[in-house]
$ cat upload-v7.pdb   # PDB, C-alpha atoms and all ligand atoms
ATOM      1  CA  MET A 183       0.000   0.000   0.000  1.00  0.00           C
ATOM      2  CA  PRO A 184       1.428   3.455  -0.866  1.00  0.00           C
ATOM      3  CA  THR A 185       2.554   5.539   2.105  1.00  0.00           C
ATOM      4  CA  ASP A 186       3.728   9.103   2.700  1.00  0.00           C
ATOM      5  CA  ALA A 187       6.962  10.141   4.467  1.00  0.00           C
ATOM      6  CA  SER A 188       5.325   9.531   7.876  1.00  0.00           C
ATOM      7  CA  GLY A 189       4.355   5.982   6.957  1.00  0.00           C
ATOM      8  CA  ASN A 190       0.653   6.840   6.693  1.00  0.00           C
ATOM      9  CA  ILE A 191      -1.279   4.971   4.021  1.00  0.00           C
ATOM     10  CA  THR A 192      -2.218   7.476   1.337  1.00  0.00           C
ATOM     11  CA  SER A 193      -4.650   5.522  -0.806  1.00  0.00           C
ATOM     12  CA  VAL A 194      -7.566   5.175   1.594  1.00  0.00           C
ATOM     13  CA  ALA A 195     -10.257   7.124  -0.213  1.00  0.00           C
ATOM     14  CA  ASP A 196     -13.194   8.571   1.652  1.00  0.00           C
ATOM     15  CA  THR A 197     -15.528   5.912   0.310  1.00  0.00           C
ATOM     16  CA  ALA A 198     -18.320   6.815   2.700  1.00  0.00           C
ATOM     17  CA  SER A 199     -18.699  10.339   1.385  1.00  0.00           C
ATOM     18  CA  ARG A 200     -18.325   9.481  -2.318  1.00  0.00           C
ATOM     19  CA  SER A 201     -19.985   6.285  -3.390  1.00  0.00           C
ATOM     20  CA  GLY A 202     -21.527   4.500  -0.436  1.00  0.00           C
ATOM     21  CA  SER A 203     -19.558   2.802   2.303  1.00  0.00           C
ATOM     22  CA  SER A 204     -17.154  -0.069   1.750  1.00  0.00           C
ATOM     23  CA  PHE A 205     -19.487  -2.085   3.986  1.00  0.00           C
ATOM     24  CA  SER A 206     -22.832  -1.348   2.328  1.00  0.00           C
ATOM     25  CA  ALA A 207     -23.078  -4.601   0.316  1.00  0.00           C
ATOM     26  CA  PRO A 208     -26.001  -6.884   1.246  1.00  0.00           C
ATOM     27  CA  GLY A 209     -24.917  -9.616   3.656  1.00  0.00           C
ATOM     28  CA  PHE A 210     -21.668  -7.812   4.594  1.00  0.00           C
ATOM     29  CA  PHE A 211     -22.286  -8.407   8.311  1.00  0.00           C
ATOM     30  CA  ASP A 212     -23.503 -12.009   8.016  1.00  0.00           C
ATOM     31  CA  ARG A 213     -21.359 -14.698   9.633  1.00  0.00           C
ATOM     32  CA  SER A 214     -21.163 -18.416   8.992  1.00  0.00           C
ATOM     33  CA  ASP A 215     -21.557 -19.021  12.736  1.00  0.00           C
ATOM     34  CA  SER A 216     -24.602 -16.900  13.525  1.00  0.00           C
ATOM     35  CA  ARG A 217     -25.098 -18.390  16.997  1.00  0.00           C
ATOM     36  CA  ASP A 218     -24.940 -16.147  20.046  1.00  0.00           C
ATOM     37  CA  ASP A 219     -21.317 -15.022  20.506  1.00  0.00           C
ATOM     38  CA  ALA A 220     -21.437 -16.258  24.104  1.00  0.00           C
ATOM     39  CA  VAL A 221     -21.403 -19.824  22.783  1.00  0.00           C
ATOM     40  CA  PHE A 222     -18.207 -19.404  20.747  1.00  0.00           C
ATOM     41  CA  TYR A 223     -16.361 -17.409  23.416  1.00  0.00           C
ATOM     42  CA  ARG A 224     -17.403 -19.627  26.372  1.00  0.00           C
ATOM     43  CA  PRO A 225     -14.113 -21.631  26.500  1.00  0.00           C
ATOM     44  CA  PRO A 226     -11.208 -19.445  27.635  1.00  0.00           C
ATOM     45  CA  ARG A 227      -8.521 -19.016  24.969  1.00  0.00           C
ATOM     46  CA  LEU A 228      -5.343 -18.022  26.780  1.00  0.00           C
ATOM     47  CA  VAL A 229      -3.446 -17.926  23.511  1.00  0.00           C
ATOM     48  CA  GLN A 230      -1.658 -15.388  21.326  1.00  0.00           C
ATOM     49  CA  HIS A 231      -3.703 -14.464  18.241  1.00  0.00           C
ATOM     50  CA  ILE A 232      -0.767 -13.009  16.255  1.00  0.00           C
ATOM     51  CA  ASP A 233       2.913 -13.946  16.301  1.00  0.00           C
ATOM     52  CA  ASP A 234       5.585 -12.412  18.555  1.00  0.00           C
ATOM     53  CA  ALA A 235       6.782  -9.944  15.910  1.00  0.00           C
ATOM     54  CA  ALA A 236       3.260  -8.677  15.344  1.00  0.00           C
ATOM     55  CA  VAL A 237       2.623  -8.382  19.096  1.00  0.00           C
ATOM     56  CA  ALA A 238       5.787  -6.264  19.348  1.00  0.00           C
ATOM     57  CA  ALA A 239       4.629  -4.135  16.411  1.00  0.00           C
ATOM     58  CA  VAL A 240       1.227  -3.527  18.022  1.00  0.00           C
ATOM     59  CA  SER A 241       2.878  -2.613  21.311  1.00  0.00           C
ATOM     60  CA  ALA A 242       5.288  -0.188  19.582  1.00  0.00           C
ATOM     61  CA  TYR A 243       2.330   1.397  17.807  1.00  0.00           C
ATOM     62  CA  TYR A 244       0.409   1.914  21.047  1.00  0.00           C
ATOM     63  CA  ASP A 245       3.582   3.486  22.523  1.00  0.00           C
ATOM     64  CA  GLU A 246       3.605   5.948  19.619  1.00  0.00           C
ATOM     65  CA  VAL A 247      -0.090   6.739  20.047  1.00  0.00           C
ATOM     66  CA  GLY A 248       0.673   7.374  23.732  1.00  0.00           C
ATOM     67  CA  VAL A 249      -1.766   5.054  25.453  1.00  0.00           C
ATOM     68  CA  ASP A 250      -1.924   6.262  29.067  1.00  0.00           C
ATOM     69  CA  GLY A 251      -4.326   7.659  31.619  1.00  0.00           C
ATOM     70  CA  ASP A 252      -7.761   6.048  31.647  1.00  0.00           C
ATOM     71  CA  VAL A 253      -7.634   3.361  28.957  1.00  0.00           C
ATOM     72  CA  LEU A 254     -10.301   1.003  27.616  1.00  0.00           C
ATOM     73  CA  ASP A 255      -9.160  -2.190  25.878  1.00  0.00           C
ATOM     74  CA  LEU A 256     -12.198  -3.076  23.768  1.00  0.00           C
ATOM     75  CA  MET A 257     -12.724  -6.720  22.737  1.00  0.00           C
ATOM     76  CA  SER A 258     -10.014  -7.716  25.136  1.00  0.00           C
ATOM     77  CA  SER A 259      -8.593 -10.970  26.357  1.00  0.00           C
ATOM     78  CA  TRP A 260      -5.728 -11.789  28.741  1.00  0.00           C
ATOM     79  CA  VAL A 261      -3.119  -9.342  27.362  1.00  0.00           C
ATOM     80  CA  SER A 262      -3.537  -5.732  26.210  1.00  0.00           C
ATOM     81  CA  HIS A 263      -0.296  -5.407  24.202  1.00  0.00           C
ATOM     82  CA  LEU A 264       0.811  -2.252  26.025  1.00  0.00           C
ATOM     83  CA  SER A 265       4.460  -1.828  27.003  1.00  0.00           C
ATOM     84  CA  THR A 266       3.677  -0.207  30.366  1.00  0.00           C
ATOM     85  CA  PRO A 267       0.561  -0.343  32.539  1.00  0.00           C
ATOM     86  CA  PRO A 268      -1.640   2.752  32.136  1.00  0.00           C
ATOM     87  CA  ARG A 269      -2.931   4.613  35.185  1.00  0.00           C
ATOM     88  CA  HIS A 270      -6.282   2.851  34.917  1.00  0.00           C
ATOM     89  CA  LEU A 271      -7.026  -0.010  32.525  1.00  0.00           C
ATOM     90  CA  THR A 272     -10.564  -1.241  31.833  1.00  0.00           C
ATOM     91  CA  LEU A 273     -11.177  -4.382  29.780  1.00  0.00           C
ATOM     92  CA  LEU A 274     -14.309  -5.287  27.847  1.00  0.00           C
ATOM     93  CA  GLY A 275     -14.516  -8.749  26.332  1.00  0.00           C
ATOM     94  CA  MET A 276     -16.530 -11.930  26.145  1.00  0.00           C
ATOM     95  CA  ASN A 277     -14.736 -14.304  28.507  1.00  0.00           C
ATOM     96  CA  ALA A 278     -14.402 -13.613  32.235  1.00  0.00           C
ATOM     97  CA  ALA A 279     -11.506 -16.053  32.742  1.00  0.00           C
ATOM     98  CA  GLU A 280      -9.491 -14.416  29.955  1.00  0.00           C
ATOM     99  CA  LEU A 281     -10.106 -10.952  31.412  1.00  0.00           C
ATOM    100  CA  ALA A 282      -9.239 -12.181  34.929  1.00  0.00           C
ATOM    101  CA  ALA A 283      -5.847 -13.338  33.612  1.00  0.00           C
ATOM    102  CA  ASN A 284      -4.949  -9.793  32.508  1.00  0.00           C
ATOM    103  CA  THR A 285      -3.100  -8.710  35.636  1.00  0.00           C
ATOM    104  CA  TRP A 286      -2.746  -5.070  34.562  1.00  0.00           C
ATOM    105  CA  ALA A 287      -6.490  -4.434  34.554  1.00  0.00           C
ATOM    106  CA  HIS A 288      -8.321  -2.412  37.188  1.00  0.00           C
ATOM    107  CA  GLU A 289     -11.818  -3.174  35.857  1.00  0.00           C
ATOM    108  CA  ARG A 290     -13.165  -6.043  33.782  1.00  0.00           C
ATOM    109  CA  VAL A 291     -16.528  -6.089  32.005  1.00  0.00           C
ATOM    110  CA  VAL A 292     -18.048  -9.016  30.100  1.00  0.00           C
ATOM    111  CA  HIS A 293     -20.304  -7.496  27.451  1.00  0.00           C
ATOM    112  CA  ASP A 294     -21.456  -8.680  24.028  1.00  0.00           C
ATOM    113  CA  LEU A 295     -21.169  -5.754  21.606  1.00  0.00           C
ATOM    114  CA  ASN A 296     -23.089  -7.662  18.943  1.00  0.00           C
ATOM    115  CA  ALA A 297     -26.031  -8.082  21.314  1.00  0.00           C
ATOM    116  CA  ASP A 298     -25.810  -4.472  22.538  1.00  0.00           C
ATOM    117  CA  PRO A 299     -23.402  -2.025  20.857  1.00  0.00           C
ATOM    118  CA  ARG A 300     -23.762   0.514  23.678  1.00  0.00           C
ATOM    119  CA  LEU A 301     -20.786   0.568  26.026  1.00  0.00           C
ATOM    120  CA  PRO A 302     -21.620   0.257  29.731  1.00  0.00           C
ATOM    121  CA  PHE A 303     -19.535   3.314  30.670  1.00  0.00           C
ATOM    122  CA  ALA A 304     -20.289   6.958  31.405  1.00  0.00           C
ATOM    123  CA  ASP A 305     -19.715   9.720  28.854  1.00  0.00           C
ATOM    124  CA  ALA A 306     -16.104  10.987  28.604  1.00  0.00           C
ATOM    125  CA  SER A 307     -14.648   8.236  30.841  1.00  0.00           C
ATOM    126  CA  PHE A 308     -11.498   7.432  28.853  1.00  0.00           C
ATOM    127  CA  ASP A 309      -8.415   9.126  27.398  1.00  0.00           C
ATOM    128  CA  THR A 310      -7.731   6.345  24.879  1.00  0.00           C
ATOM    129  CA  VAL A 311      -9.564   3.282  23.599  1.00  0.00           C
ATOM    130  CA  VAL A 312      -7.649   0.473  21.871  1.00  0.00           C
ATOM    131  CA  SER A 313      -8.939  -2.608  20.089  1.00  0.00           C
ATOM    132  CA  THR A 314      -6.556  -5.300  18.898  1.00  0.00           C
ATOM    133  CA  VAL A 315      -7.237  -7.912  16.192  1.00  0.00           C
ATOM    134  CA  SER A 316     -10.970  -7.928  16.895  1.00  0.00           C
ATOM    135  CA  VAL A 317     -12.780  -5.309  14.785  1.00  0.00           C
ATOM    136  CA  ASP A 318     -13.641  -7.951  12.166  1.00  0.00           C
ATOM    137  CA  TYR A 319     -16.115  -9.607  14.574  1.00  0.00           C
ATOM    138  CA  LEU A 320     -18.405  -6.592  14.972  1.00  0.00           C
ATOM    139  CA  THR A 321     -21.826  -6.828  13.323  1.00  0.00           C
ATOM    140  CA  ALA A 322     -22.881  -3.257  14.238  1.00  0.00           C
ATOM    141  CA  PRO A 323     -19.506  -1.497  14.104  1.00  0.00           C
ATOM    142  CA  VAL A 324     -20.759   1.997  13.305  1.00  0.00           C
ATOM    143  CA  ALA A 325     -22.927   2.005  16.435  1.00  0.00           C
ATOM    144  CA  VAL A 326     -19.966   0.712  18.462  1.00  0.00           C
ATOM    145  CA  PHE A 327     -17.568   3.335  17.024  1.00  0.00           C
ATOM    146  CA  ALA A 328     -20.107   6.092  17.762  1.00  0.00           C
ATOM    147  CA  ASP A 329     -20.401   4.877  21.342  1.00  0.00           C
ATOM    148  CA  VAL A 330     -16.606   4.699  21.680  1.00  0.00           C
ATOM    149  CA  ALA A 331     -16.637   8.419  20.810  1.00  0.00           C
ATOM    150  CA  ARG A 332     -19.223   9.019  23.542  1.00  0.00           C
ATOM    151  CA  VAL A 333     -17.046   7.405  26.226  1.00  0.00           C
ATOM    152  CA  LEU A 334     -13.851   9.159  25.033  1.00  0.00           C
ATOM    153  CA  ARG A 335     -12.896  12.570  26.368  1.00  0.00           C
ATOM    154  CA  PRO A 336     -12.714  15.325  23.728  1.00  0.00           C
ATOM    155  CA  GLY A 337      -9.593  14.776  21.631  1.00  0.00           C
ATOM    156  CA  GLY A 338      -9.192  11.229  22.968  1.00  0.00           C
ATOM    157  CA  ARG A 339      -8.152   8.640  20.420  1.00  0.00           C
ATOM    158  CA  PHE A 340      -9.496   5.283  19.319  1.00  0.00           C
ATOM    159  CA  ALA A 341      -6.695   3.073  17.944  1.00  0.00           C
ATOM    160  CA  VAL A 342      -7.740  -0.063  16.068  1.00  0.00           C
ATOM    161  CA  THR A 343      -5.139  -2.645  15.036  1.00  0.00           C
ATOM    162  CA  PHE A 344      -5.576  -5.794  12.984  1.00  0.00           C
ATOM    163  CA  SER A 345      -3.681  -8.432  11.033  1.00  0.00           C
ATOM    164  CA  ASN A 346      -4.641 -11.034   8.457  1.00  0.00           C
ATOM    165  CA  ARG A 347      -5.645 -13.720  10.961  1.00  0.00           C
ATOM    166  CA  CYS A 348      -9.077 -14.312  12.457  1.00  0.00           C
ATOM    167  CA  PHE A 349     -11.667 -16.808  13.629  1.00  0.00           C
ATOM    168  CA  PRO A 350     -13.279 -17.166  10.173  1.00  0.00           C
ATOM    169  CA  THR A 351     -16.636 -18.462  11.375  1.00  0.00           C
ATOM    170  CA  LYS A 352     -17.124 -15.375  13.548  1.00  0.00           C
ATOM    171  CA  ALA A 353     -15.668 -12.689  11.255  1.00  0.00           C
ATOM    172  CA  VAL A 354     -18.205 -10.839   9.107  1.00  0.00           C
ATOM    173  CA  ARG A 355     -18.432 -11.990   5.488  1.00  0.00           C
ATOM    174  CA  GLY A 356     -17.459  -8.612   4.055  1.00  0.00           C
ATOM    175  CA  TRP A 357     -14.156  -8.755   5.944  1.00  0.00           C
ATOM    176  CA  LEU A 358     -13.401 -12.277   4.749  1.00  0.00           C
ATOM    177  CA  ALA A 359     -14.216 -11.271   1.160  1.00  0.00           C
ATOM    178  CA  THR A 360     -11.466  -8.666   0.877  1.00  0.00           C
ATOM    179  CA  ASP A 361      -7.720  -8.172   1.403  1.00  0.00           C
ATOM    180  CA  ASP A 362      -5.519  -6.105   3.723  1.00  0.00           C
ATOM    181  CA  ALA A 363      -6.077  -2.894   1.741  1.00  0.00           C
ATOM    182  CA  GLY A 364      -9.810  -3.573   1.841  1.00  0.00           C
ATOM    183  CA  HIS A 365      -9.652  -4.025   5.624  1.00  0.00           C
ATOM    184  CA  VAL A 366      -7.915  -0.664   6.023  1.00  0.00           C
ATOM    185  CA  GLN A 367     -10.660   0.893   3.897  1.00  0.00           C
ATOM    186  CA  ILE A 368     -13.433  -0.772   5.906  1.00  0.00           C
ATOM    187  CA  VAL A 369     -12.121   0.342   9.294  1.00  0.00           C
ATOM    188  CA  SER A 370     -11.506   3.876   7.992  1.00  0.00           C
ATOM    189  CA  ASP A 371     -15.100   3.950   6.764  1.00  0.00           C
ATOM    190  CA  TYR A 372     -16.421   2.738  10.141  1.00  0.00           C
ATOM    191  CA  PHE A 373     -14.758   5.795  11.723  1.00  0.00           C
ATOM    192  CA  ARG A 374     -16.199   8.114   9.068  1.00  0.00           C
ATOM    193  CA  ALA A 375     -19.697   6.642   9.162  1.00  0.00           C
ATOM    194  CA  SER A 376     -19.893   7.121  12.929  1.00  0.00           C
ATOM    195  CA  GLY A 377     -19.709  10.883  12.309  1.00  0.00           C
ATOM    196  CA  ALA A 378     -17.937  11.301  15.630  1.00  0.00           C
ATOM    197  CA  PHE A 379     -14.221  11.304  14.773  1.00  0.00           C
ATOM    198  CA  GLU A 380     -11.701  13.412  12.917  1.00  0.00           C
ATOM    199  CA  GLU A 381     -10.390  11.926   9.656  1.00  0.00           C
ATOM    200  CA  PRO A 382      -8.732   8.571  10.502  1.00  0.00           C
ATOM    201  CA  VAL A 383      -5.042   7.933   9.888  1.00  0.00           C
ATOM    202  CA  ALA A 384      -4.106   4.466   8.585  1.00  0.00           C
ATOM    203  CA  GLN A 385      -0.695   2.813   8.751  1.00  0.00           C
ATOM    204  CA  GLU A 386       0.972  -0.468   7.939  1.00  0.00           C
ATOM    205  CA  ARG A 387       3.286  -1.030  10.881  1.00  0.00           C
ATOM    206  CA  PRO A 388       6.731  -2.606  10.536  1.00  0.00           C
ATOM    207  CA  SER A 389       6.514  -6.285  11.500  1.00  0.00           C
ATOM    208  CA  ALA A 390       8.902  -9.121  10.723  1.00  0.00           C
ATOM    209  CA  GLY A 391       6.041 -11.593  11.163  1.00  0.00           C
ATOM    210  CA  ASP A 392       2.282 -11.320  10.757  1.00  0.00           C
ATOM    211  CA  PRO A 393       1.358  -8.003   9.109  1.00  0.00           C
ATOM    212  CA  VAL A 394       0.026  -5.253  11.357  1.00  0.00           C
ATOM    213  CA  TYR A 395      -2.315  -2.460  10.256  1.00  0.00           C
ATOM    214  CA  ALA A 396      -3.520   0.405  12.409  1.00  0.00           C
ATOM    215  CA  VAL A 397      -6.286   2.944  11.940  1.00  0.00           C
ATOM    216  CA  CYS A 398      -6.634   5.699  14.525  1.00  0.00           C
ATOM    217  CA  ALA A 399      -8.743   8.819  14.904  1.00  0.00           C
ATOM    218  CA  ALA A 400      -9.400  11.436  17.549  1.00  0.00           C
ATOM    219  CA  ARG A 401     -12.862  12.096  18.901  1.00  0.00           C
ATOM    220  CA  ARG A 402     -14.330  15.342  17.611  1.00  0.00           C
TER     221      ARG A 402
HETATM  222  C1  LIG B 501      -8.894 -12.655  18.367  1.00  0.00           C
HETATM  223  S1  LIG B 501      -9.393 -12.262  19.989  1.00  0.00           S
HETATM  224  C2  LIG B 501      -8.372 -10.872  20.385  1.00  0.00           C
HETATM  225  C3  LIG B 501      -8.253 -10.652  21.853  1.00  0.00           C
HETATM  226  C4  LIG B 501      -7.323  -9.523  22.268  1.00  0.00           C
HETATM  227  N1  LIG B 501      -7.824  -8.229  21.824  1.00  0.00           N
HETATM  228  C5  LIG B 501      -5.919  -9.767  21.778  1.00  0.00           C
HETATM  229  O1  LIG B 501      -5.380  -8.916  21.051  1.00  0.00           O
HETATM  230  O2  LIG B 501      -5.324 -10.775  22.151  1.00  0.00           O
HETATM  231  C6  LIG B 501     -10.994 -11.562  19.720  1.00  0.00           C
HETATM  232  C7  LIG B 501     -11.615 -10.990  20.972  1.00  0.00           C
HETATM  233  O3  LIG B 501     -12.792 -10.284  20.595  1.00  0.00           O
HETATM  234  C8  LIG B 501     -13.708 -10.363  21.647  1.00  0.00           C
HETATM  235  N2  LIG B 501     -15.049 -10.330  21.069  1.00  0.00           N
HETATM  236  C9  LIG B 501     -15.503 -11.074  20.035  1.00  0.00           C
HETATM  237  N3  LIG B 501     -16.800 -10.847  19.826  1.00  0.00           N
HETATM  238  C10 LIG B 501     -17.184  -9.928  20.734  1.00  0.00           C
HETATM  239  C11 LIG B 501     -18.424  -9.306  21.039  1.00  0.00           C
HETATM  240  N4  LIG B 501     -19.531  -9.627  20.370  1.00  0.00           N
HETATM  241  N5  LIG B 501     -18.464  -8.401  22.052  1.00  0.00           N
HETATM  242  C12 LIG B 501     -17.345  -8.117  22.750  1.00  0.00           C
HETATM  243  N6  LIG B 501     -16.140  -8.676  22.522  1.00  0.00           N
HETATM  244  C13 LIG B 501     -16.062  -9.579  21.533  1.00  0.00           C
HETATM  245  C14 LIG B 501     -13.458 -11.705  22.333  1.00  0.00           C
HETATM  246  O4  LIG B 501     -13.652 -11.602  23.708  1.00  0.00           O
HETATM  247  C15 LIG B 501     -12.015 -12.030  21.987  1.00  0.00           C
HETATM  248  O5  LIG B 501     -11.207 -11.938  23.109  1.00  0.00           O
END
$ encode --input "upload-v7.pdb" --output "structure tokens" --more "lines below"
Ligand SMILES: C[S@@+](CC[C@H](N)C(=O)[O-])C[C@H]1O[C@@H](n2cnc3c(N)ncnc32)[C@H](O)[C@@H]1O
Amino acid sequence: MPTDASGNITSVADTASRSGSSFSAPGFFDRSDSRDDAVFYRPPRLVQHIDDAAVAAVSAYYDEVGVDGDVLDLMSSWVSHLSTPPRHLTLLGMNAAELAANTWAHERVVHDLNADPRLPFADASFDTVVSTVSVDYLTAPVAVFADVARVLRPGGRFAVTFSNRCFPTKAVRGWLATDDAGHVQIVSDYFRASGAFEEPVAQERPSAGDPVYAVCAARR
């Protein structure tokens, strides 16, 4: 993907404002496993979802973003891929045992965003929200992104990272149907469609292993 001198991807057109969103195709948010997410996420998976090099790349990216203060790790498991513990770390995920294993957390919330995209947090509660290798599982992402903006403080950033690996039965069909550049476009369009963020900045991050992509925007 073409990048500018800062490493930002330059070819992510504003699809949402020109020709309909990259996610507007019928069936985009269908999944081959349409059962309640609680069924799939019931067994704890204390595993690494990307390789060591990609984990390091995600962590370096979050260092650059400056993830500190009151932080929400959205769609979290047992590790938040931060290099130092923030002042206050809140986790939201699907499996209580996974969240309990994240020793840096101060608060842990089990909440199914596909059943209810509203976040169970007060307005302007967080300085930064991160979400790692999970955005492809959201079936109502624009509602979730809009609610992330609600819980962020003004100027606070939402940093979304992803790779090319996933649980294919739980990822939405539109994600599975496209490539890395398409994924960058989709996540950028989620930010835009929420109407609540500044223009997102997309990057491919240096990784010697699994590829790492990041899209980040500040709350308006
Ligand atoms: C591939 S794992 C990534 C976990 C963690 N972010 C990481 O980087 O290791 C996907 C995560 O998304 C979360 N997730 C999936 N569907 C979800 C939903 N409907 N609501 C909330 N979280 C969900 C699960 O709890 C799971 O831990």
$ resolve_selection --input "upload-v7.pdb" --expression "the PyMOL selection byres (((not hetatm)) within 7 of (chain B and resi 501))" --output "list in words"
Asp219, Tyr223, Gln230, His231, Leu256, Met257, Ser258, Ser259, Trp260, Val261, Ser262, His263, Leu274, Gly275, Met276, Asn277, His293, Asp294, Leu295, Asn296, Ala297, Ser313, Thr314, Val315, Ser316, Tyr319, Leu320, Cys348 and Phe349 of chain A
$ resolve_selection --input "upload-v7.pdb" --expression "the PyMOL selection byres (((chain A and resi 286-290) around 6) and not hetatm)" --output "CSV table (one decimal) with C-alpha atoms, in the frame of the given file"
chain,number,residue,atom,x,y,z
A,271,LEU,CA,-7.0,0.0,32.5
A,272,THR,CA,-10.6,-1.2,31.8
A,273,LEU,CA,-11.2,-4.4,29.8
A,284,ASN,CA,-4.9,-9.8,32.5
A,285,THR,CA,-3.1,-8.7,35.6
A,291,VAL,CA,-16.5,-6.1,32.0
$ residues_around --input "upload-v7.pdb" --residues "region 338-345 of chain A" --least-positions-apart "2" --cutoff "8 Å" --atoms "all atoms listed in the file" --output "VMD selection string"
chain A and resid 232 240 244 247 308 to 317 330 to 331 334 to 336 347 362 392 to 401
$ resolve_selection --input "upload-v7.pdb" --expression "the PyMOL selection byres (((chain A and resi 358-360) around 12) and not hetatm)" --output "ChimeraX atom specification"
/A:204-205,207,209-214,318-319,346-357,361-368
$ closest_residue --input "upload-v7.pdb" --among "A:Val369, A:Val249, A:Ala304, A:Ala236" --to "Val383 (chain A)" --atoms "only C-alpha atoms"
A:Val369
$ atom_distance --input "upload-v7.pdb" --atom1 "CA of Val292 (chain A)" --atom2 "CA of Arg224 (chain A)"
11.3 Å
$ atom_distance --input "upload-v7.pdb" --atom1 "CA of Pro208 (chain A)" --atom2 "CA of Ala325 (chain A)"
17.9 Å
$ atom_distance --input "upload-v7.pdb" --atom1 "CA of Arg402 (chain A)" --atom2 "CA of Pro299 (chain A)"
19.9 Å
$ closest_residue --input "upload-v7.pdb" --among "A:Ser376, A:Leu228, A:Ser370, A:Ser193" --to "Ala279 (chain A)" --atoms "all atoms listed in the file"
A:Leu228
$ closest_residue --input "upload-v7.pdb" --among "A:Gly377, A:Pro225, A:Gly189, A:Pro184" --to "Ala278 (chain A)" --atoms "all atoms listed in the file"
A:Pro225
$ residues_around --input "upload-v7.pdb" --residues "Gly251 (chain A)" --least-positions-apart "2" --cutoff "7 Å" --atoms "only C-alpha atoms" --output "PDB file with C-alpha atoms, in the frame of the given file"
ATOM      1  CA  VAL A 253      -7.634   3.361  28.957  1.00  0.00           C
ATOM      2  CA  PRO A 268      -1.640   2.752  32.136  1.00  0.00           C
ATOM      3  CA  ARG A 269      -2.931   4.613  35.185  1.00  0.00           C
ATOM      4  CA  HIS A 270      -6.282   2.851  34.917  1.00  0.00           C
ATOM      5  CA  ASP A 309      -8.415   9.126  27.398  1.00  0.00           C
TER       6      ASP A 309
END
$ closest_residue --input "upload-v7.pdb" --among "A:Ser265, A:Thr321, A:Arg217, A:Val333" --to "Val237 (chain A)" --atoms "only C-alpha atoms"
A:Ser265
$ build_atoms --input "upload-v7.pdb" --residues "region 335-348 of chain A" --atoms "N, CA and C atoms" --output "tab-separated table (two decimals), in the coordinates of the input"
chain	number	residue	atom	x	y	z
A	335	ARG	N	-12.94	11.13	26.08
A	335	ARG	CA	-12.90	12.57	26.37
A	335	ARG	C	-12.60	13.32	25.07
A	336	PRO	N	-12.99	14.58	24.96
A	336	PRO	CA	-12.71	15.32	23.73
A	336	PRO	C	-11.24	15.24	23.36
A	337	GLY	N	-10.98	14.92	22.09
A	337	GLY	CA	-9.59	14.78	21.63
A	337	GLY	C	-9.00	13.40	21.89
A	338	GLY	N	-9.68	12.58	22.69
A	338	GLY	CA	-9.19	11.23	22.97
A	338	GLY	C	-9.20	10.38	21.71
A	339	ARG	N	-8.30	9.41	21.66
A	339	ARG	CA	-8.15	8.64	20.42
A	339	ARG	C	-8.62	7.19	20.56
A	340	PHE	N	-9.13	6.70	19.45
A	340	PHE	CA	-9.50	5.28	19.32
A	340	PHE	C	-8.52	4.67	18.32
A	341	ALA	N	-7.71	3.71	18.78
A	341	ALA	CA	-6.70	3.07	17.94
A	341	ALA	C	-7.09	1.62	17.71
A	342	VAL	N	-7.28	1.28	16.45
A	342	VAL	CA	-7.74	-0.06	16.07
A	342	VAL	C	-6.62	-0.74	15.29
A	343	THR	N	-6.18	-1.91	15.75
A	343	THR	CA	-5.14	-2.64	15.04
A	343	THR	C	-5.68	-4.00	14.60
A	344	PHE	N	-5.13	-4.49	13.50
A	344	PHE	CA	-5.58	-5.79	12.98
A	344	PHE	C	-4.48	-6.40	12.12
A	345	SER	N	-4.64	-7.69	11.85
A	345	SER	CA	-3.68	-8.43	11.03
A	345	SER	C	-4.47	-9.17	9.95
A	346	ASN	N	-3.91	-10.27	9.48
A	346	ASN	CA	-4.64	-11.03	8.46
A	346	ASN	C	-5.10	-12.38	9.00
A	347	ARG	N	-5.18	-12.47	10.34
A	347	ARG	CA	-5.64	-13.72	10.96
A	347	ARG	C	-6.96	-13.46	11.68
A	348	CYS	N	-7.79	-14.49	11.77
A	348	CYS	CA	-9.08	-14.31	12.46
A	348	CYS	C	-9.70	-15.67	12.72
